[in-house]
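A.B. asks: Structure file query-v1.txt (compact mmCIF, C-alpha atoms) is given on the next line.
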# COMPACT_ATOMS: atom_id res chain seq x y z
CA MET N 174 94.54 128.53 113.41
CA GLY N 175 92.61 125.77 111.64
CA ASP N 176 95.57 124.21 109.85
CA TYR N 177 95.81 120.51 109.07
CA PHE N 178 97.92 118.08 107.10
CA SER N 179 97.59 114.42 106.17
CA TYR N 180 100.51 112.05 105.81
CA TYR N 181 101.58 108.62 104.60
CA GLU N 182 104.12 106.70 106.67
CA VAL N 183 105.96 103.40 106.12
CA GLU N 184 107.86 101.62 108.90
CA ASN N 185 110.05 98.60 108.13
CA LEU N 186 111.96 96.22 110.38
CA GLY N 187 114.41 93.85 108.70
CA ASN N 188 118.06 93.01 107.89
CA GLY N 189 118.11 90.82 110.98
CA THR N 190 121.08 88.97 112.44
CA GLY N 191 121.18 86.09 114.93
CA SER N 192 117.70 85.02 115.95
CA TYR N 193 116.22 87.79 113.78
CA TYR N 194 117.81 86.56 110.56
CA GLY N 195 115.20 86.45 107.79
CA TYR N 196 112.51 88.09 109.92
CA SER N 197 110.77 91.31 108.85
CA GLU N 198 107.86 93.58 109.77
CA ARG N 199 106.06 96.32 107.87
CA THR N 200 103.60 98.95 109.09
CA ILE N 201 101.75 101.40 106.83
CA VAL N 202 100.12 104.44 108.45
CA ASN N 203 97.71 107.03 107.05
CA GLY N 204 97.06 109.90 109.43
CA THR N 205 95.98 113.50 109.91
CA GLU N 206 97.05 116.22 112.38
CA MET N 207 94.54 119.06 112.91
CA ILE N 208 95.67 122.26 114.62
CA GLY N 209 92.79 124.04 116.39
CA GLY N 210 92.59 127.27 118.34
CA ILE N 211 95.28 128.96 120.42
CA SER N 212 94.80 130.43 123.87
CA GLY N 213 96.18 133.71 125.17
CA ASP N 214 99.12 131.95 126.81
CA GLY N 215 100.08 130.22 123.57
CA ILE N 216 98.58 126.79 124.26
CA VAL N 217 97.40 125.14 121.05
CA SER N 218 94.57 122.61 120.99
CA ALA N 219 94.93 119.83 118.41
CA LYS N 220 93.43 116.53 117.24
CA TYR N 221 94.92 113.52 115.57
CA ASN N 222 93.74 110.33 113.93
CA PHE N 223 95.45 107.58 111.98
CA SER N 224 94.85 104.08 110.67
CA TRP N 225 97.54 101.43 110.45
CA ALA N 226 98.12 98.02 108.88
CA TRP N 227 100.85 95.74 110.22
CA SER N 228 102.25 92.50 108.79
CA ASN N 229 105.32 90.32 109.28
CA SER N 230 107.24 87.64 107.42
CA THR N 231 105.67 84.78 109.41
CA GLY N 232 102.18 85.59 108.14
CA GLY N 233 100.97 87.78 110.99
CA VAL N 234 98.65 90.70 110.16
CA ASN N 235 96.86 93.34 112.21
CA THR N 236 95.06 96.63 111.60
CA GLY N 237 93.66 99.42 113.72
CA THR N 238 92.72 103.06 114.11
CA THR N 239 93.65 105.59 116.78
CA SER N 240 92.47 109.13 117.46
CA GLY N 241 92.47 111.68 120.26
CA ASN N 242 93.00 115.24 121.49
CA PHE N 243 96.10 116.93 122.87
CA THR N 244 97.59 120.36 123.51
CA PHE N 245 101.07 121.82 123.08
CA SER N 246 102.85 125.13 123.56
CA SER N 247 103.39 127.37 120.53
CA VAL N 248 106.33 128.94 122.42
CA THR N 249 108.31 125.91 123.64
CA PHE N 250 106.69 123.33 121.29
CA LEU N 251 106.38 120.95 124.26
CA TYR N 252 103.35 118.72 124.64
CA VAL N 253 101.24 120.05 127.50
CA ASN N 254 98.22 117.80 127.91
CA GLY N 255 98.41 114.42 126.21
CA THR N 256 100.20 113.56 122.96
CA ASP N 257 99.33 112.29 119.52
CA ASN N 258 100.07 108.72 120.64
CA GLN N 259 103.76 109.36 121.43
CA THR N 260 105.01 106.90 124.07
CA GLY N 261 108.36 106.27 125.75
CA TYR N 262 109.46 109.91 125.75
CA VAL N 263 110.25 112.24 128.65
CA ASN N 264 108.73 115.72 128.33
CA PRO N 265 108.94 115.64 124.50
CA THR N 266 108.42 118.40 121.96
CA VAL N 267 106.09 117.97 119.01
CA TRP N 268 107.56 116.24 115.95
CA PHE N 269 105.53 118.02 113.27
CA TRP N 270 106.18 121.75 113.82
CA ILE N 271 109.22 123.98 114.38
CA ASN N 272 109.93 127.69 114.63
CA ASN N 273 110.54 128.59 110.98
CA SER N 274 112.76 131.52 111.98
CA THR N 275 115.40 129.15 113.44
CA GLN N 276 118.75 129.92 111.87
CA LYS N 277 121.22 127.58 110.19
CA GLY N 278 123.49 125.83 112.69
CA SER N 279 121.03 126.26 115.56
CA ALA N 280 119.94 123.35 117.76
CA PHE N 281 116.39 122.43 118.76
CA GLU N 282 114.50 119.28 119.77
CA LEU N 283 112.05 116.95 118.06
CA LEU N 284 110.47 114.62 120.61
CA ASN N 285 113.64 113.85 122.66
CA THR N 286 116.20 114.13 119.83
CA GLU N 287 118.49 117.12 119.51
CA MET N 288 118.46 118.32 115.92
CA THR N 289 120.77 120.72 114.12
CA LEU N 290 119.42 122.95 111.38
CA LYS N 291 121.51 122.19 108.27
CA SER N 292 119.82 124.31 105.61
CA ARG N 293 117.04 126.87 105.33
CA SER N 294 116.67 126.38 101.57
CA TYR N 295 116.65 122.66 100.89
CA SER N 296 114.78 121.46 97.81
CA TYR N 297 112.85 118.36 98.90
CA TYR N 298 111.09 116.03 96.47
CA LEU N 299 107.53 115.37 97.65
CA PRO N 300 106.13 112.17 96.05
CA SER N 301 102.47 113.07 96.67
CA GLN N 302 102.82 116.22 94.55
CA SER N 303 105.50 114.94 92.16
CA ARG N 304 107.50 118.12 92.63
CA ASN N 305 110.14 119.75 94.79
CA VAL N 306 109.20 122.07 97.62
CA GLY N 307 111.32 124.51 99.59
CA THR N 308 112.10 123.20 103.07
CA ILE N 309 114.11 123.74 106.22
CA PHE N 310 116.35 120.70 106.68
CA ALA N 311 117.48 119.44 110.09
CA GLN N 312 119.31 116.33 111.21
CA GLY N 313 120.01 114.57 114.49
CA SER N 314 121.74 111.37 115.63
CA SER N 315 121.72 109.59 118.95
CA SER N 316 121.39 106.23 120.71
CA TYR N 317 119.18 104.77 123.41
CA PRO N 318 118.39 101.41 125.09
CA ARG N 319 115.40 99.69 123.57
CA ILE N 320 113.23 96.77 124.71
CA TYR N 321 111.92 94.65 121.86
CA GLU N 322 110.21 91.26 122.28
CA HIS N 323 111.38 91.27 125.93
CA GLU N 324 115.03 91.65 124.84
CA GLN N 325 117.37 94.54 125.62
CA PHE N 326 118.93 96.26 122.58
CA MET N 327 121.13 99.29 122.05
CA ALA N 328 119.68 101.39 119.24
CA THR N 329 121.62 103.99 117.24
CA TYR N 330 119.81 106.20 114.76
CA THR N 331 119.91 109.17 112.40
CA TRP N 332 116.83 111.32 111.82
CA LYS N 333 116.52 113.70 108.86
CA ALA N 334 113.49 116.00 108.89
CA TYR N 335 112.19 118.61 106.42
CA PHE N 336 109.80 121.47 107.27
CA ASP N 337 107.88 123.97 105.15
CA GLN N 338 109.73 127.29 104.93
CA SER N 339 106.57 129.42 105.27
CA THR N 340 104.69 127.63 108.06
CA GLY N 341 107.24 125.42 109.83
CA TYR N 342 105.00 122.33 109.51
CA VAL N 343 106.61 119.02 108.61
CA VAL N 344 106.85 118.05 104.93
CA GLY N 345 108.63 114.73 105.37
CA TYR N 346 111.28 112.83 107.26
CA GLY N 347 113.51 109.77 107.09
CA TYR N 348 114.51 107.84 110.21
CA VAL N 349 117.11 105.03 110.09
CA GLU N 350 117.96 102.92 113.17
CA HIS N 351 120.12 99.86 113.87
CA ASP N 352 119.61 97.70 116.97
CA THR N 353 122.04 95.15 118.44
CA ASN N 354 122.45 93.19 121.67
CA SER N 355 125.23 91.27 123.43
CA SER N 356 123.98 87.93 122.04
CA GLY N 357 124.67 88.93 118.45
CA ASP N 358 121.01 89.51 117.62
CA GLY N 359 120.09 92.64 115.72
CA PHE N 360 117.89 94.27 113.12
CA GLY N 361 117.40 97.47 111.18
CA TYR N 362 114.42 99.79 111.50
CA THR N 363 113.38 102.58 109.12
CA ASP N 364 110.52 105.08 109.23
CA TYR N 365 109.72 107.32 106.24
CA LEU N 366 106.92 109.90 106.24
CA ASN N 367 105.63 112.39 103.65
CA VAL N 368 102.64 114.70 103.74
CA THR N 369 99.93 113.88 101.22
CA SER N 370 97.67 116.95 101.55
CA THR N 371 97.73 120.26 103.44
CA SER N 372 95.29 123.09 104.19
CA TYR N 373 98.06 125.57 103.31
CA THR N 374 100.20 125.98 100.21
CA LEU N 375 103.66 124.55 100.47
CA THR N 376 106.60 126.72 99.53
CA VAL N 377 107.79 126.40 95.95
CA ALA N 378 111.40 125.26 95.72
CA ALA N 379 113.67 128.10 94.59
CA ALA N 380 115.73 127.54 91.46
CA GLY N 381 119.28 126.42 92.13
CA ASN N 382 118.52 124.94 95.56
CA SER N 383 120.49 121.93 96.65
CA GLY N 384 118.60 118.68 96.88
CA ILE N 385 117.03 116.13 94.63
CA ALA N 386 116.11 118.61 91.88
CA GLN N 387 119.71 119.58 91.44
CA TYR N 388 120.85 115.96 91.24
CA VAL N 389 118.04 115.14 88.83
CA GLY N 390 119.28 117.97 86.63
CA TYR N 391 122.79 116.53 86.71
CA ILE N 392 121.48 113.08 85.82
CA VAL N 393 119.41 114.43 82.93
CA ALA N 394 122.42 116.34 81.57
CA ILE N 395 124.63 113.25 81.79
CA VAL N 396 122.02 111.14 80.03
CA LEU N 397 121.71 113.72 77.23
CA VAL N 398 125.49 113.75 76.75
CA ILE N 399 125.56 109.95 76.58
CA VAL N 400 122.75 109.93 74.02
CA VAL N 401 124.45 112.57 71.82
CA VAL N 402 127.80 110.77 71.96
CA GLY N 403 126.07 107.50 71.14
CA ILE N 404 124.39 109.06 68.09
CA LEU N 405 127.72 110.47 66.85
CA ILE N 406 129.49 107.14 67.29
CA TYR N 407 126.70 105.34 65.46
CA ALA N 408 126.79 107.84 62.59
CA LEU N 409 130.58 107.59 62.24
CA SER N 410 130.45 103.82 62.35
CA ARG N 411 127.86 103.80 59.58
CA ARG N 412 130.08 106.08 57.48
CA ARG N 413 133.08 103.78 57.87
CA ARG N 414 131.01 100.75 56.91
CA ARG N 415 130.07 101.88 53.37
CA LEU N 416 129.78 98.91 50.99
CA PRO N 417 132.43 98.75 48.18
CA GLU N 418 131.26 99.51 44.65
CA HIS N 419 130.52 96.53 42.42
CA PRO N 420 133.18 95.89 39.59
CA SER N 421 132.16 96.95 36.04
CA GLN N 422 132.85 93.45 34.63
CA GLN N 423 132.46 90.16 36.26
CA PRO N 424 135.59 87.92 36.02
CA PRO N 425 135.29 85.04 33.47
CA VAL N 426 134.05 81.77 34.81
CA PRO N 427 136.78 79.06 34.35
CA ALA N 428 135.92 76.10 32.07
CA PRO N 429 135.03 72.97 33.94
CA GLY N 430 137.81 70.37 34.13
CA PRO N 431 137.49 66.64 33.40
CA PRO N 432 135.24 64.78 35.73
CA PRO N 433 137.00 62.91 38.47
CA GLU N 434 137.61 59.23 37.95
CA PRO N 435 135.13 56.97 39.65
CA VAL N 436 136.37 55.31 42.75
CA ASN N 437 136.92 51.54 42.16
CA PHE N 438 137.55 49.35 45.13
CA THR N 439 138.37 46.21 42.95
CA PRO N 440 142.09 45.23 43.26
CA LYS N 441 144.08 45.95 40.08
CA GLN N 442 146.08 42.63 40.13
CA PRO N 443 145.36 39.32 38.29
CA PRO N 444 143.46 36.71 40.18
CA VAL N 445 145.53 34.16 42.04
CA GLN N 446 145.52 30.67 40.36
CA GLN N 447 144.91 27.80 42.72
CA ILE N 448 147.06 24.62 42.17
CA VAL N 449 145.82 21.45 43.86
CA ILE N 450 148.47 18.82 44.52
CA LYS N 451 147.09 15.29 44.91
CA GLU N 452 149.12 13.00 47.11
CA VAL N 453 149.06 9.15 46.57
CA VAL N 454 149.80 6.90 49.53
CA LYS N 455 152.51 4.15 48.95
CA VAL N 456 152.27 0.70 50.49
CA LYS N 457 154.67 -2.34 50.44
CA CYS N 458 153.94 -5.34 48.29
CA ARG N 459 153.58 -8.24 50.66
CA TYR N 460 155.33 -10.61 48.26
CA CYS N 461 158.37 -8.72 46.97
CA GLY N 462 158.45 -5.76 49.39
CA ALA N 463 158.39 -3.06 46.67
CA LEU N 464 156.51 0.26 47.32
CA ILE N 465 153.42 0.44 45.17
CA ASP N 466 150.48 2.89 44.94
CA SER N 467 147.71 2.12 47.35
CA THR N 468 145.30 2.38 44.44
CA ALA N 469 147.11 -0.26 42.30
CA GLU N 470 145.49 -3.64 42.09
CA THR N 471 148.77 -5.64 41.29
CA CYS N 472 152.44 -5.07 41.99
CA PRO N 473 154.11 -3.68 38.88
CA LEU N 474 157.33 -5.63 39.73
CA CYS N 475 156.26 -9.16 40.60
CA GLY N 476 152.69 -9.07 39.34
CA ALA N 477 151.28 -10.32 42.61
CA PRO N 478 147.91 -8.93 43.72
CA ARG N 479 148.07 -6.03 46.24
CA THR N 480 145.68 -7.62 48.63
Now that the file is in, can you turn its structure into structure tokens?

C.D. replies:
Amino acid sequence: MGDYFSYYEVENLGNGTGSYYGYSERTIVNGTEMIGGISGDGIVSAKYNFSWAWSNSTGGVNTGTTSGNFTFSSVTFLYVNGTDNQTGYVNPTVWFWINNSTQKGSAFELLNTEMTLKSRSYSYYLPSQSRNVGTIFAQGSSSYPRIYEHEQFMATYTWKAYFDQSTGYVVGYGYVEHDTNSSGDGFGYTDYLNVTSTSYTLTVAAAGNSGIAQYVGYIVAIVLVIVVVGILIYALSRRRRRLPEHPSQQPPVPAPGPPPEPVNFTPKQPPVQQIVIKEVVKVKCRYCGALIDSTAETCPLCGAPRT
């Protein structure tokens, strides 16, 4: 067979509640799946390798690489001898390849999840090629008990996967999970994967397919309508705002009036005249008893001296 594909994967843990509030993890994976020869009984030999980089919100970091060999059945799609580092599953099927003749509405498995084929002509936007490709779209939802950091959680998830129409190999997927426990602790987990290169040519998305391309077309059309309406409104507003013509003659300038009187804060009343009244003290004459001025030297009645 000799097919291979490389992929880029991002896993995020976050949106925590309870003891997981504010905590997050992120893992970035770059990997390759290589499909080798096939035996007469349909057993396919394969290799895998990937590198990963992990970090969390408390400053922890870790990196590593993993590789190995495995086999699977091209008839049942079950792993036969080993896996590509898949753990915690019971007799799982491969996650990266399906029978591309499966019809819409049919059920099949990826790993241990039952999937339903939703569309055989889904236009899927592939970031690595900046274009839409024709895919087979399947979706599955389920729940399972999960052990994380020695705690028991109940996990519920939805898995959306997209496969090449011509070969049946995976093009991308989106996995969304929410975990909770009886103590009120919980977190969200997401896993998004897209192929970055393939040894085969991916199917070109057919015109008119549902998917991102169609919605992008709607968005572009809406934006164009908004722009055109905006231009028309601007043009009409400019037309209504024409400046009035200037008059042929300027109105005469009125003659200046008399200057205002200066402000005078001096009172307009005659000054007040001051009248000083001098009082003279009277004393008795010690000889005749008459009242005489205290300044007189002799009594004007008897002629006796005042003192």

A.B. asks: Any idea what the distance is between CA of Ser247 in chain N and CA of Ala219 in chain N?

C.D. replies: 11.5 Å

A.B. asks: If you count all atoms listed in the file, which residues fall within 8 Å of Met207 in chain N, apart from same-chain ones fewer than 2 positions away, as a ChimeraX atom specification?

C.D. replies: /N:175-178,205,209,219-221

A.B. asks: Considering all atoms listed in the file, return as an NGL selection string whatever protein or nucleic-acid residues lie within 10 Å of range 367-382 of chain N, sequence-local ones (same chain, fewer than 5 positions apart) excluded.

C.D. replies: :N and (175-183 or 203-207 or 294-302 or 304-308 or 335-340 or 342-347 or 387)

A.B. asks: Using only C-alpha atoms, can you tell me which of N:Gly361, N:Gly189, N:Pro318, N:Gly313 comes closest to Thr331 in chain N?

C.D. replies: N:Gly313

A.B. asks: Could you tell me how far CA of Ile309 in chain N sits from CA of Val349 in chain N, in Å to one decimal place?

C.D. replies: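 Computing it gives 19.3 Å between the two atoms.
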